[in-house]
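Asker: Dropping in data-v9.pdb, which is PDB, C-alpha atoms and all ligand atoms:
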MODEL        1
ATOM      1  CA  MET A   1     127.618  22.850 -51.430
ATOM      2  CA  SER A   2     130.623  22.208 -53.609
ATOM      3  CA  ILE A   3     132.338  24.484 -56.111
ATOM      4  CA  ALA A   4     133.884  22.957 -59.222
ATOM      5  CA  VAL A   5     136.018  25.106 -61.476
ATOM      6  CA  GLU A   6     136.725  23.405 -64.797
ATOM      7  CA  ASN A   7     139.339  24.571 -67.300
ATOM      8  CA  VAL A   8     138.635  28.267 -66.957
ATOM      9  CA  ASN A   9     140.434  30.735 -69.217
ATOM     10  CA  LYS A  10     140.069  34.505 -69.078
ATOM     11  CA  THR A  11     141.869  37.159 -71.071
ATOM     12  CA  TYR A  12     141.596  40.960 -70.721
ATOM     13  CA  GLY A  13     142.770  42.339 -74.039
ATOM     14  CA  LYS A  14     146.185  40.770 -74.367
ATOM     15  CA  GLN A  15     146.546  40.002 -70.675
ATOM     16  CA  GLN A  16     145.741  36.367 -69.881
ATOM     17  CA  ALA A  17     144.461  36.564 -66.303
ATOM     18  CA  LEU A  18     143.490  32.862 -65.905
ATOM     19  CA  LYS A  19     145.153  29.966 -67.703
ATOM     20  CA  ASN A  20     143.162  26.761 -67.777
ATOM     21  CA  VAL A  21     142.294  26.870 -64.078
ATOM     22  CA  SER A  22     140.603  23.831 -62.492
ATOM     23  CA  PHE A  23     139.957  23.002 -58.854
ATOM     24  CA  LEU A  24     137.318  21.708 -56.482
ATOM     25  CA  VAL A  25     136.100  23.079 -53.157
ATOM     26  CA  ASN A  26     134.316  20.490 -51.028
ATOM     27  CA  PRO A  27     131.182  21.231 -48.973
ATOM     28  CA  ASN A  28     131.898  22.981 -45.656
ATOM     29  CA  GLU A  29     135.521  23.527 -46.517
ATOM     30  CA  ILE A  30     137.254  26.856 -45.847
ATOM     31  CA  LEU A  31     139.542  27.320 -48.814
ATOM     32  CA  GLY A  32     142.354  29.869 -48.761
ATOM     33  CA  PHE A  33     142.957  31.214 -52.258
ATOM     34  CA  ILE A  34     146.317  32.901 -52.127
ATOM     35  CA  GLY A  35     148.608  34.550 -54.600
ATOM     36  CA  PRO A  36     150.561  37.741 -55.179
ATOM     37  CA  ASN A  37     148.845  40.891 -56.471
ATOM     38  CA  GLY A  38     147.724  40.440 -60.057
ATOM     39  CA  ALA A  39     147.736  36.625 -59.818
ATOM     40  CA  GLY A  40     144.101  36.352 -60.900
ATOM     41  CA  LYS A  41     142.306  35.876 -57.556
ATOM     42  CA  SER A  42     139.636  38.543 -57.998
ATOM     43  CA  THR A  43     139.049  37.536 -61.604
ATOM     44  CA  MET A  44     138.479  33.909 -60.531
ATOM     45  CA  MET A  45     136.052  34.993 -57.807
ATOM     46  CA  LYS A  46     134.078  37.254 -60.133
ATOM     47  CA  ILE A  47     133.710  34.329 -62.539
ATOM     48  CA  ILE A  48     132.594  31.940 -59.784
ATOM     49  CA  THR A  49     129.952  34.383 -58.588
ATOM     50  CA  GLY A  50     128.710  34.921 -62.141
ATOM     51  CA  TYR A  51     129.649  38.628 -62.264
ATOM     52  CA  LEU A  52     132.124  38.075 -65.069
ATOM     53  CA  PRO A  53     131.927  35.525 -67.878
ATOM     54  CA  ALA A  54     134.807  33.149 -68.506
ATOM     55  CA  ASP A  55     136.194  32.936 -72.043
ATOM     56  CA  GLU A  56     136.341  29.168 -71.750
ATOM     57  CA  GLY A  57     135.517  26.557 -69.142
ATOM     58  CA  ARG A  58     132.687  26.343 -66.631
ATOM     59  CA  ILE A  59     131.788  26.695 -62.977
ATOM     60  CA  LEU A  60     129.491  24.233 -61.234
ATOM     61  CA  ILE A  61     127.979  25.038 -57.869
ATOM     62  CA  ASN A  62     126.672  21.774 -56.453
ATOM     63  CA  GLY A  63     126.633  20.447 -59.979
ATOM     64  CA  MET A  64     124.699  23.421 -61.400
ATOM     65  CA  ASP A  65     126.322  25.508 -64.127
ATOM     66  CA  VAL A  66     126.607  29.123 -62.936
ATOM     67  CA  ASN A  67     125.706  30.514 -66.360
ATOM     68  CA  GLU A  68     122.659  28.325 -66.846
ATOM     69  CA  HIS A  69     121.105  28.783 -63.407
ATOM     70  CA  GLN A  70     122.006  32.387 -62.604
ATOM     71  CA  LEU A  71     119.018  33.228 -60.417
ATOM     72  CA  GLU A  72     119.186  30.081 -58.327
ATOM     73  CA  ILE A  73     122.932  30.396 -57.957
ATOM     74  CA  ARG A  74     122.760  34.046 -56.804
ATOM     75  CA  LYS A  75     120.482  32.867 -53.979
ATOM     76  CA  SER A  76     122.981  30.337 -52.757
ATOM     77  CA  ILE A  77     126.131  32.460 -53.069
ATOM     78  CA  GLY A  78     127.241  35.287 -50.799
ATOM     79  CA  TYR A  79     129.950  37.548 -52.175
ATOM     80  CA  LEU A  80     132.144  40.203 -50.632
ATOM     81  CA  PRO A  81     133.916  41.895 -53.544
ATOM     82  CA  GLU A  82     137.440  43.202 -53.088
ATOM     83  CA  SER A  83     136.486  46.875 -53.120
ATOM     84  CA  ASN A  84     133.452  46.242 -50.847
ATOM     85  CA  PRO A  85     131.183  48.699 -52.644
ATOM     86  CA  LEU A  86     128.745  50.103 -50.074
ATOM     87  CA  TYR A  87     126.324  53.021 -50.101
ATOM     88  CA  PHE A  88     128.010  55.443 -47.727
ATOM     89  CA  ASP A  89     124.926  57.630 -47.406
ATOM     90  CA  MET A  90     122.773  54.783 -46.124
ATOM     91  CA  TYR A  91     122.329  53.770 -42.515
ATOM     92  CA  ILE A  92     123.466  50.225 -41.736
ATOM     93  CA  LYS A  93     119.925  48.986 -41.178
ATOM     94  CA  GLU A  94     118.626  50.775 -44.225
ATOM     95  CA  TYR A  95     121.322  49.190 -46.386
ATOM     96  CA  LEU A  96     120.691  45.691 -45.028
ATOM     97  CA  GLU A  97     116.960  46.199 -45.638
ATOM     98  CA  PHE A  98     117.785  47.120 -49.203
ATOM     99  CA  VAL A  99     119.879  43.944 -49.653
ATOM    100  CA  ALA A 100     117.225  41.795 -47.946
ATOM    101  CA  GLY A 101     114.755  43.287 -50.425
ATOM    102  CA  ILE A 102     116.872  42.202 -53.383
ATOM    103  CA  TYR A 103     116.737  38.637 -52.087
ATOM    104  CA  LYS A 104     113.019  39.024 -51.276
ATOM    105  CA  LEU A 105     113.578  37.692 -47.766
ATOM    106  CA  LYS A 106     110.348  37.024 -45.879
ATOM    107  CA  ASN A 107     111.615  37.371 -42.311
ATOM    108  CA  LYS A 108     113.456  40.607 -43.136
ATOM    109  CA  ASP A 109     113.465  42.391 -39.758
ATOM    110  CA  ALA A 110     114.412  39.332 -37.749
ATOM    111  CA  ARG A 111     117.152  38.431 -40.181
ATOM    112  CA  ILE A 112     118.624  41.968 -40.160
ATOM    113  CA  LYS A 113     118.685  41.937 -36.358
ATOM    114  CA  GLU A 114     120.377  38.552 -36.418
ATOM    115  CA  MET A 115     123.028  39.712 -38.910
ATOM    116  CA  ILE A 116     123.749  42.888 -36.935
ATOM    117  CA  ALA A 117     124.319  40.773 -33.826
ATOM    118  CA  GLN A 118     126.344  38.096 -35.636
ATOM    119  CA  THR A 119     128.714  40.556 -37.287
ATOM    120  CA  GLY A 120     129.164  42.648 -34.127
ATOM    121  CA  LEU A 121     127.512  45.768 -35.519
ATOM    122  CA  GLU A 122     125.204  46.321 -32.537
ATOM    123  CA  ALA A 123     127.046  49.333 -31.084
ATOM    124  CA  GLU A 124     127.285  51.089 -34.458
ATOM    125  CA  LYS A 125     123.939  50.111 -35.897
ATOM    126  CA  ASN A 126     122.461  53.605 -35.949
ATOM    127  CA  LYS A 127     125.313  55.123 -37.941
ATOM    128  CA  LYS A 128     125.589  55.876 -41.602
ATOM    129  CA  ILE A 129     127.957  53.511 -43.405
ATOM    130  CA  GLY A 130     130.196  56.419 -44.437
ATOM    131  CA  ALA A 131     130.841  57.203 -40.756
ATOM    132  CA  LEU A 132     132.135  53.703 -39.940
ATOM    133  CA  SER A 133     135.773  52.632 -39.573
ATOM    134  CA  LYS A 134     137.195  50.334 -42.244
ATOM    135  CA  GLY A 135     136.749  47.306 -39.959
ATOM    136  CA  TYR A 136     133.081  48.074 -39.413
ATOM    137  CA  LYS A 137     132.509  48.752 -43.099
ATOM    138  CA  GLN A 138     133.962  45.287 -43.717
ATOM    139  CA  ARG A 139     131.504  43.834 -41.204
ATOM    140  CA  VAL A 140     128.655  45.448 -43.109
ATOM    141  CA  GLY A 141     130.080  43.876 -46.269
ATOM    142  CA  ILE A 142     130.130  40.484 -44.586
ATOM    143  CA  ALA A 143     126.589  40.960 -43.193
ATOM    144  CA  GLN A 144     125.459  41.786 -46.733
ATOM    145  CA  ALA A 145     127.153  38.626 -48.029
ATOM    146  CA  LEU A 146     125.533  36.383 -45.412
ATOM    147  CA  ILE A 147     122.057  37.882 -44.997
ATOM    148  CA  HIS A 148     120.313  35.400 -47.297
ATOM    149  CA  ASP A 149     122.029  32.470 -45.545
ATOM    150  CA  PRO A 150     123.935  31.290 -48.642
ATOM    151  CA  SER A 151     125.641  27.880 -48.619
ATOM    152  CA  VAL A 152     128.640  29.203 -50.540
ATOM    153  CA  VAL A 153     130.481  32.334 -49.457
ATOM    154  CA  ILE A 154     133.145  34.045 -51.561
ATOM    155  CA  LEU A 155     135.221  36.635 -49.715
ATOM    156  CA  ASP A 156     137.770  38.630 -51.699
ATOM    157  CA  GLU A 157     140.526  39.858 -49.345
ATOM    158  CA  PRO A 158     138.136  40.252 -46.404
ATOM    159  CA  THR A 159     140.789  41.541 -43.986
ATOM    160  CA  SER A 160     142.850  43.785 -46.234
ATOM    161  CA  GLY A 161     143.404  47.251 -44.823
ATOM    162  CA  LEU A 162     142.250  46.344 -41.327
ATOM    163  CA  ASP A 163     144.216  46.807 -38.108
ATOM    164  CA  PRO A 164     145.414  43.702 -36.202
ATOM    165  CA  ASN A 165     142.456  43.668 -33.791
ATOM    166  CA  GLN A 166     139.940  44.027 -36.573
ATOM    167  CA  ILE A 167     141.714  41.261 -38.499
ATOM    168  CA  LEU A 168     141.321  38.862 -35.577
ATOM    169  CA  GLU A 169     137.657  39.727 -35.167
ATOM    170  CA  ILE A 170     136.898  39.233 -38.852
ATOM    171  CA  ARG A 171     138.858  35.942 -38.890
ATOM    172  CA  ASN A 172     136.848  34.680 -35.923
ATOM    173  CA  LEU A 173     133.671  35.644 -37.668
ATOM    174  CA  ILE A 174     134.744  33.739 -40.797
ATOM    175  CA  SER A 175     135.771  30.658 -38.795
ATOM    176  CA  LEU A 176     132.404  30.584 -37.031
ATOM    177  CA  THR A 177     130.519  31.064 -40.293
ATOM    178  CA  GLY A 178     132.573  28.384 -41.996
ATOM    179  CA  LYS A 179     131.302  25.611 -39.742
ATOM    180  CA  SER A 180     128.179  25.238 -41.851
ATOM    181  CA  LYS A 181     129.124  26.763 -45.192
ATOM    182  CA  THR A 182     131.558  26.360 -48.053
ATOM    183  CA  ILE A 183     133.889  29.333 -47.924
ATOM    184  CA  MET A 184     136.491  30.551 -50.359
ATOM    185  CA  LEU A 185     138.577  33.484 -49.271
ATOM    186  CA  SER A 186     141.397  35.212 -51.053
ATOM    187  CA  THR A 187     144.307  36.813 -49.315
ATOM    188  CA  HIS A 188     147.969  37.480 -49.688
ATOM    189  CA  ILE A 189     148.534  37.043 -45.945
ATOM    190  CA  MET A 190     149.864  33.582 -45.122
ATOM    191  CA  GLN A 191     149.017  33.652 -41.411
ATOM    192  CA  GLU A 192     145.420  34.150 -42.413
ATOM    193  CA  VAL A 193     145.378  30.883 -44.293
ATOM    194  CA  GLU A 194     147.195  29.023 -41.536
ATOM    195  CA  ALA A 195     144.767  30.419 -38.978
ATOM    196  CA  ILE A 196     141.455  29.587 -40.592
ATOM    197  CA  CYS A 197     141.698  27.504 -43.765
ATOM    198  CA  ASN A 198     141.577  23.703 -44.142
ATOM    199  CA  ARG A 199     142.900  23.852 -47.626
ATOM    200  CA  ILE A 200     145.005  26.157 -49.669
ATOM    201  CA  ILE A 201     145.293  26.872 -53.352
ATOM    202  CA  ILE A 202     148.180  29.002 -54.541
ATOM    203  CA  ILE A 203     147.718  30.892 -57.795
ATOM    204  CA  ASN A 204     150.499  32.701 -59.621
ATOM    205  CA  ASN A 205     150.334  34.405 -63.025
ATOM    206  CA  GLY A 206     146.878  32.939 -63.614
ATOM    207  CA  GLU A 207     147.952  29.345 -62.940
ATOM    208  CA  ILE A 208     147.308  27.057 -59.977
ATOM    209  CA  ILE A 209     150.711  26.049 -58.617
ATOM    210  CA  ALA A 210     149.685  24.293 -55.395
ATOM    211  CA  ASN A 211     146.491  22.741 -54.068
ATOM    212  CA  ASP A 212     146.677  20.849 -50.799
ATOM    213  CA  GLN A 213     145.687  20.676 -47.158
ATOM    214  CA  THR A 214     147.369  23.571 -45.387
ATOM    215  CA  GLY A 215     149.480  21.309 -43.160
ATOM    216  CA  ASN A 216     150.572  19.050 -46.041
ATOM    217  CA  LEU A 217     152.001  21.868 -48.063
ATOM    218  CA  VAL A 218     154.290  22.913 -45.248
ATOM    219  CA  SER A 219     155.346  19.397 -44.270
ATOM    220  CA  GLN A 220     156.014  18.472 -47.898
ATOM    221  CA  ALA A 221     158.287  21.457 -48.372
ATOM    222  CA  ASN A 222     160.061  20.552 -45.152
ATOM    223  CA  SER A 223     160.414  16.896 -46.071
ATOM    224  CA  LEU A 224     162.876  17.566 -48.880
ATOM    225  CA  ILE A 225     165.632  19.401 -47.088
ATOM    226  CA  ASN A 226     166.874  19.671 -43.523
ATOM    227  CA  THR A 227     168.206  22.962 -42.286
ATOM    228  CA  ILE A 228     170.024  23.325 -38.983
ATOM    229  CA  SER A 229     170.896  26.644 -37.409
ATOM    230  CA  VAL A 230     174.059  26.303 -35.337
ATOM    231  CA  GLU A 231     175.876  28.794 -33.115
ATOM    232  CA  PHE A 232     179.569  28.231 -32.293
ATOM    233  CA  ASP A 233     181.667  30.059 -29.726
ATOM    234  CA  ARG A 234     184.013  31.454 -32.403
ATOM    235  CA  PRO A 235     184.095  32.192 -36.159
ATOM    236  CA  VAL A 236     184.399  29.169 -38.470
ATOM    237  CA  ASP A 237     185.193  29.135 -42.211
ATOM    238  CA  LEU A 238     182.248  28.209 -44.455
ATOM    239  CA  ASP A 239     184.562  25.946 -46.471
ATOM    240  CA  LYS A 240     185.408  24.048 -43.337
ATOM    241  CA  LEU A 241     181.745  23.641 -42.396
ATOM    242  CA  GLU A 242     181.054  22.011 -45.745
ATOM    243  CA  THR A 243     183.537  19.261 -44.883
ATOM    244  CA  ILE A 244     181.130  18.061 -42.168
ATOM    245  CA  GLN A 245     179.741  14.702 -43.239
ATOM    246  CA  GLY A 246     176.248  15.048 -44.739
ATOM    247  CA  VAL A 247     176.338  18.845 -45.130
ATOM    248  CA  THR A 248     175.325  19.877 -48.651
ATOM    249  CA  LYS A 249     175.350  23.667 -48.207
ATOM    250  CA  SER A 250     176.320  26.230 -45.606
ATOM    251  CA  ALA A 251     175.550  29.902 -45.109
ATOM    252  CA  PHE A 252     176.579  32.642 -42.697
ATOM    253  CA  VAL A 253     173.772  34.190 -40.628
ATOM    254  CA  LYS A 254     175.365  36.595 -38.124
ATOM    255  CA  GLY A 255     178.017  36.557 -35.406
ATOM    256  CA  ASN A 256     179.071  32.921 -35.093
ATOM    257  CA  THR A 257     175.738  31.542 -36.291
ATOM    258  CA  PHE A 258     175.444  29.495 -39.502
ATOM    259  CA  LEU A 259     172.834  27.555 -41.424
ATOM    260  CA  LEU A 260     173.801  24.052 -42.509
ATOM    261  CA  GLN A 261     171.738  22.054 -44.967
ATOM    262  CA  SER A 262     171.518  18.334 -45.628
ATOM    263  CA  ASN A 263     169.198  15.952 -47.429
ATOM    264  CA  SER A 264     166.133  15.152 -45.380
ATOM    265  CA  ASP A 265     167.201  11.547 -44.748
ATOM    266  CA  THR A 266     170.413  12.567 -42.980
ATOM    267  CA  ASP A 267     170.518  13.920 -39.454
ATOM    268  CA  ILE A 268     173.706  15.984 -39.341
ATOM    269  CA  ARG A 269     173.435  17.188 -35.750
ATOM    270  CA  GLY A 270     175.743  14.506 -34.368
ATOM    271  CA  ASN A 271     178.263  15.189 -37.138
ATOM    272  CA  ILE A 272     178.242  18.907 -36.372
ATOM    273  CA  PHE A 273     178.918  18.127 -32.727
ATOM    274  CA  ARG A 274     181.827  15.774 -33.550
ATOM    275  CA  PHE A 275     183.271  18.334 -35.994
ATOM    276  CA  ALA A 276     183.257  20.932 -33.209
ATOM    277  CA  VAL A 277     184.940  18.595 -30.703
ATOM    278  CA  ASP A 278     187.614  17.582 -33.257
ATOM    279  CA  ASN A 279     188.412  21.245 -33.903
ATOM    280  CA  GLY A 280     188.305  22.469 -30.310
ATOM    281  CA  ILE A 281     185.161  24.523 -30.957
ATOM    282  CA  THR A 282     182.126  24.677 -28.673
ATOM    283  CA  VAL A 283     178.584  24.376 -30.022
ATOM    284  CA  LEU A 284     176.475  26.917 -28.128
ATOM    285  CA  SER A 285     173.192  25.904 -29.758
ATOM    286  CA  GLN A 286     171.733  23.786 -32.573
ATOM    287  CA  GLN A 287     168.223  24.086 -33.899
ATOM    288  CA  LYS A 288     166.285  22.446 -36.685
ATOM    289  CA  MET A 289     164.652  25.106 -38.881
ATOM    290  CA  GLU A 290     161.117  24.519 -40.174
ATOM    291  CA  LYS A 291     159.995  26.345 -43.247
ATOM    292  CA  SER A 292     156.914  28.432 -42.649
ATOM    293  CA  LEU A 293     153.998  28.594 -45.048
ATOM    294  CA  GLU A 294     155.180  32.106 -45.807
ATOM    295  CA  GLU A 295     158.535  30.809 -47.038
ATOM    296  CA  VAL A 296     156.918  28.012 -49.025
ATOM    297  CA  PHE A 297     154.662  30.589 -50.681
ATOM    298  CA  HIS A 298     157.618  32.848 -51.429
ATOM    299  CA  GLU A 299     159.555  29.999 -53.004
ATOM    300  CA  LEU A 300     156.623  28.871 -55.132
ATOM    301  CA  THR A 301     155.684  32.323 -56.398
ATOM    302  CA  THR A 302     159.117  33.750 -57.165
ATOM    303  CA  SER A 303     161.400  32.366 -59.825
ATOM    304  CA  PRO A 304     164.282  30.315 -58.451
ATOM    305  CA  SER A 305     167.264  32.591 -57.906
ATOM    306  CA  GLY A 306     169.668  29.838 -57.041
ATOM    307  CA  SER A 307     171.230  31.948 -54.333
ATOM    308  CA  GLY A 308     170.818  31.756 -50.582
ATOM    309  CA  ILE A 309     170.338  28.652 -48.530
ATOM    310  CA  ARG A 310     166.603  28.886 -47.806
TER
HETATM  311  P1  LIG B 401     144.441  39.587 -57.999
HETATM  312  O1  LIG B 401     143.058  39.714 -57.474
HETATM  313  O2  LIG B 401     145.084  38.277 -57.732
HETATM  314  O3  LIG B 401     145.319  40.725 -57.550
HETATM  315  P2  LIG B 401     143.217  40.181 -60.573
HETATM  316  O4  LIG B 401     142.286  39.067 -60.850
HETATM  317  O5  LIG B 401     142.620  41.444 -60.066
HETATM  318  O6  LIG B 401     144.373  39.672 -59.609
HETATM  319  O7  LIG B 401     144.023  40.512 -61.883
HETATM  320  C1  LIG B 401     144.676  39.523 -62.659
HETATM  321  C2  LIG B 401     145.329  40.189 -63.864
HETATM  322  O8  LIG B 401     144.357  40.703 -64.745
HETATM  323  C3  LIG B 401     146.209  41.370 -63.498
HETATM  324  O9  LIG B 401     147.326  41.365 -64.345
HETATM  325  C4  LIG B 401     145.331  42.562 -63.755
HETATM  326  O10 LIG B 401     146.107  43.685 -64.092
HETATM  327  C5  LIG B 401     144.491  42.100 -64.908
HETATM  328  N1  LIG B 401     143.157  42.702 -64.882
HETATM  329  C6  LIG B 401     142.241  42.563 -63.887
HETATM  330  N2  LIG B 401     141.103  43.213 -64.193
HETATM  331  C7  LIG B 401     141.303  43.788 -65.404
HETATM  332  C8  LIG B 401     140.495  44.571 -66.271
HETATM  333  N3  LIG B 401     139.241  44.906 -65.942
HETATM  334  N4  LIG B 401     141.054  44.960 -67.428
HETATM  335  C9  LIG B 401     142.299  44.617 -67.781
HETATM  336  N5  LIG B 401     143.108  43.866 -67.015
HETATM  337  C10 LIG B 401     142.618  43.445 -65.838
HETATM  338 MG    MG B 402     142.286  40.981 -56.127
ENDMDL
END
Now that the file is in, can you turn its structure into structure tokens?
Answerer:
Amino acid sequence: MSIAVENVNKTYGKQQALKNVSFLVNPNEILGFIGPNGAGKSTMMKIITGYLPADEGRILINGMDVNEHQLEIRKSIGYLPESNPLYFDMYIKEYLEFVAGIYKLKNKDARIKEMIAQTGLEAEKNKKIGALSKGYKQRVGIAQALIHDPSVVILDEPTSGLDPNQILEIRNLISLTGKSKTIMLSTHIMQEVEAICNRIIIINNGEIIANDQTGNLVSQANSLINTISVEFDRPVDLDKLETIQGVTKSAFVKGNTFLLQSNSDTDIRGNIFRFAVDNGITVLSQQKMEKSLEEVFHELTTSPSGSGIR
């Protein structure tokens, strides 16, 4: 199933949380929805799931307007809200039975068993939710979101607050689930997106500022500028380094290591080598630096400072 977000605006009092947001999620895609805190991620997800009305614009799930087909849409969407509200006094099974009841599932017992196995809750299944670790509570939240086998799954920061092992387990679970469903997950962790998402949308201050395949975004950012890290055997003046043919900028890193920048169409590595030979300096190492998704994200979501080389 696809998700189409069309020109959505949302204001809380004076605070405009979403500014004319539009995007499309294709069937069976795992979309990473990333942005700094307060960017509007949770607001967008609440609107998609029909828990919050938009001021303007509309959401279509497989062509159906969320506001006009609320009951049908609820059946085909699974949602893990950011705060993961669970009933701590309930036992895992009891809670899943309660959720299965809301969806009026026919094969309740079999489905609950299946979900407990799929989300790795087997060993803890006889505990009360309140007694579970954060990672296991999150699994219950995911089981709750998937129990009715929805085609669209919206996960708001599914790994936040988990330890590294729990993060990996939850990511694996999402990757496996995503093979047959359309998934949208929000996060502010870049590695998460690189690890499991096909596509990435970056939101900042309520506006979409990037929407591309995960790999494209990184290669595009890297296609504009070349950065070489070079280590010499002795200190060299920055002014002198900028006389190297093709070098547009230089910066000191530490010791005798520098970053040298050029336009992407110029390979300056040979020039650096010749500069060193001409000046009786030895190049100990040279390395092309690739921008990570994390750096691309940082650049896109912070205002340009004009300082620093990268
Ligand atoms: P994110 O999930 O990306 O951190 P949110 O969607 O939660 O962002 O919030 C977007 C903006 O809207 C923030 O500035 C936040 O303070 C504001 N906001 C969110 N919910 C409310 C609310 N119920 N009342 C007033 N302002 C809100
Ligand atoms: Mg949020």
Asker: Do you know which residues are within 12 Å of ligand LIG 401 (chain B) using all atoms listed in the file? Can you write them as a PDB file with C-alpha atoms, in the frame of the given file?
Answerer:
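Heads up, here's the output in selection39.pdb:
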ATOM      1  CA  ASN A   9     140.434  30.735 -69.217  1.00  0.00           C
ATOM      2  CA  LYS A  10     140.069  34.505 -69.078  1.00  0.00           C
ATOM      3  CA  THR A  11     141.869  37.159 -71.071  1.00  0.00           C
ATOM      4  CA  TYR A  12     141.596  40.960 -70.721  1.00  0.00           C
ATOM      5  CA  GLY A  13     142.770  42.339 -74.039  1.00  0.00           C
ATOM      6  CA  LYS A  14     146.185  40.770 -74.367  1.00  0.00           C
ATOM      7  CA  GLN A  15     146.546  40.002 -70.675  1.00  0.00           C
ATOM      8  CA  GLN A  16     145.741  36.367 -69.881  1.00  0.00           C
ATOM      9  CA  ALA A  17     144.461  36.564 -66.303  1.00  0.00           C
ATOM     10  CA  LEU A  18     143.490  32.862 -65.905  1.00  0.00           C
ATOM     11  CA  LYS A  19     145.153  29.966 -67.703  1.00  0.00           C
ATOM     12  CA  PHE A  33     142.957  31.214 -52.258  1.00  0.00           C
ATOM     13  CA  ILE A  34     146.317  32.901 -52.127  1.00  0.00           C
ATOM     14  CA  GLY A  35     148.608  34.550 -54.600  1.00  0.00           C
ATOM     15  CA  PRO A  36     150.561  37.741 -55.179  1.00  0.00           C
ATOM     16  CA  ASN A  37     148.845  40.891 -56.471  1.00  0.00           C
ATOM     17  CA  GLY A  38     147.724  40.440 -60.057  1.00  0.00           C
ATOM     18  CA  ALA A  39     147.736  36.625 -59.818  1.00  0.00           C
ATOM     19  CA  GLY A  40     144.101  36.352 -60.900  1.00  0.00           C
ATOM     20  CA  LYS A  41     142.306  35.876 -57.556  1.00  0.00           C
ATOM     21  CA  SER A  42     139.636  38.543 -57.998  1.00  0.00           C
ATOM     22  CA  THR A  43     139.049  37.536 -61.604  1.00  0.00           C
ATOM     23  CA  MET A  44     138.479  33.909 -60.531  1.00  0.00           C
ATOM     24  CA  MET A  45     136.052  34.993 -57.807  1.00  0.00           C
ATOM     25  CA  LYS A  46     134.078  37.254 -60.133  1.00  0.00           C
ATOM     26  CA  ILE A  47     133.710  34.329 -62.539  1.00  0.00           C
ATOM     27  CA  LEU A  52     132.124  38.075 -65.069  1.00  0.00           C
ATOM     28  CA  PRO A  81     133.916  41.895 -53.544  1.00  0.00           C
ATOM     29  CA  GLU A  82     137.440  43.202 -53.088  1.00  0.00           C
ATOM     30  CA  SER A  83     136.486  46.875 -53.120  1.00  0.00           C
ATOM     31  CA  LEU A 155     135.221  36.635 -49.715  1.00  0.00           C
ATOM     32  CA  ASP A 156     137.770  38.630 -51.699  1.00  0.00           C
ATOM     33  CA  GLU A 157     140.526  39.858 -49.345  1.00  0.00           C
ATOM     34  CA  SER A 160     142.850  43.785 -46.234  1.00  0.00           C
ATOM     35  CA  LEU A 185     138.577  33.484 -49.271  1.00  0.00           C
ATOM     36  CA  SER A 186     141.397  35.212 -51.053  1.00  0.00           C
ATOM     37  CA  THR A 187     144.307  36.813 -49.315  1.00  0.00           C
ATOM     38  CA  HIS A 188     147.969  37.480 -49.688  1.00  0.00           C
ATOM     39  CA  ILE A 202     148.180  29.002 -54.541  1.00  0.00           C
ATOM     40  CA  ILE A 203     147.718  30.892 -57.795  1.00  0.00           C
ATOM     41  CA  ASN A 204     150.499  32.701 -59.621  1.00  0.00           C
ATOM     42  CA  ASN A 205     150.334  34.405 -63.025  1.00  0.00           C
ATOM     43  CA  GLY A 206     146.878  32.939 -63.614  1.00  0.00           C
ATOM     44  CA  GLU A 207     147.952  29.345 -62.940  1.00  0.00           C
ATOM     45  CA  ILE A 208     147.308  27.057 -59.977  1.00  0.00           C
TER      46      ILE A 208
END
Asker: Which residue out of A:Gly63, A:Gln261, A:Lys291, A:Ser285 has the minimum interatomic distance to Gln220 of chain A when all atoms listed in the file are used?
Answerer: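 Using all atoms listed in the file, the shortest distance to Gln220 of chain A belongs to A:Lys291.
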Asker: Which neighbours of Arg234 of chain A fall inside 8 Å, counting only C-alpha atoms, when residues of the same chain fewer than 3 positions from it are skipped, and could you give them as an mmCIF file with C-alpha atoms, in the frame of the given file?
Answerer:
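That gives us around04.cif:
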data_model
loop_
_atom_site.group_PDB
_atom_site.id
_atom_site.type_symbol
_atom_site.label_atom_id
_atom_site.label_comp_id
_atom_site.auth_asym_id
_atom_site.auth_seq_id
_atom_site.Cartn_x
_atom_site.Cartn_y
_atom_site.Cartn_z
ATOM 1 C CA ASN A 256 179.071 32.921 -35.093
ATOM 2 C CA ILE A 281 185.161 24.523 -30.957
ATOM 3 C CA THR A 282 182.126 24.677 -28.673
#
Asker: Since I can't run it myself right now, could you work out what the PyMOL selection byres (((chain A and resi 165-179) around 10) and not hetatm) selects here and report it as a ChimeraX atom specification?
Answerer: /A:28-31,118-120,134-136,138-139,142,146,151-153,155,158-164,180-185,192-193,195-197
Asker: Can you turn the PyMOL selection byres (((chain A and resi 255) around 10) and not hetatm) into a concrete residue list for this file, as a PyMOL selection string?
Answerer: chain A and resi 231-235+252-254+256-258
Asker: For a quick check of understanding, using all atoms listed in the file, which of A:Asn67, A:Leu80, A:Val277, A:Arg58 has the smallest distance to ligand MG 402 (chain B)?
Answerer: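 Distance minimum relative to ligand MG 402 (chain B) lands on A:Leu80.
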Asker: Around all listed atoms of segment 152-168 of chain A, padded 5 Å per side, what centre and edge lengths does the axis-aligned box have in Å to one decimal, as JSON?
Answerer:
{"center_x": 137.0, "center_y": 38.2, "center_z": -42.7, "size_x": 26.8, "size_y": 28.0, "size_z": 27.9}
Asker: Using atom CA of Ile129 of chain A and atom CA of Leu86 of chain A as the two end points, give the distance in Å to one decimal.
Answerer: 7.5 Å
Asker: Restricting the calculation to only C-alpha atoms and all ligand atoms, which member of A:Glu94, A:Asn84, A:Leu24, A:Thr302 is positioned closest to ligand MG 402 (chain B)?
Answerer: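 Looking only at the distances to ligand MG 402 (chain B), the closest residue turns out to be A:Asn84.
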Asker: One decimal, in Å: what's the spacing between atom CA of Ala123 of chain A and atom CA of Tyr95 of chain A?
Answerer: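 Interatomic distance, atom CA of Ala123 of chain A to atom CA of Tyr95 of chain A: 16.3 Å.
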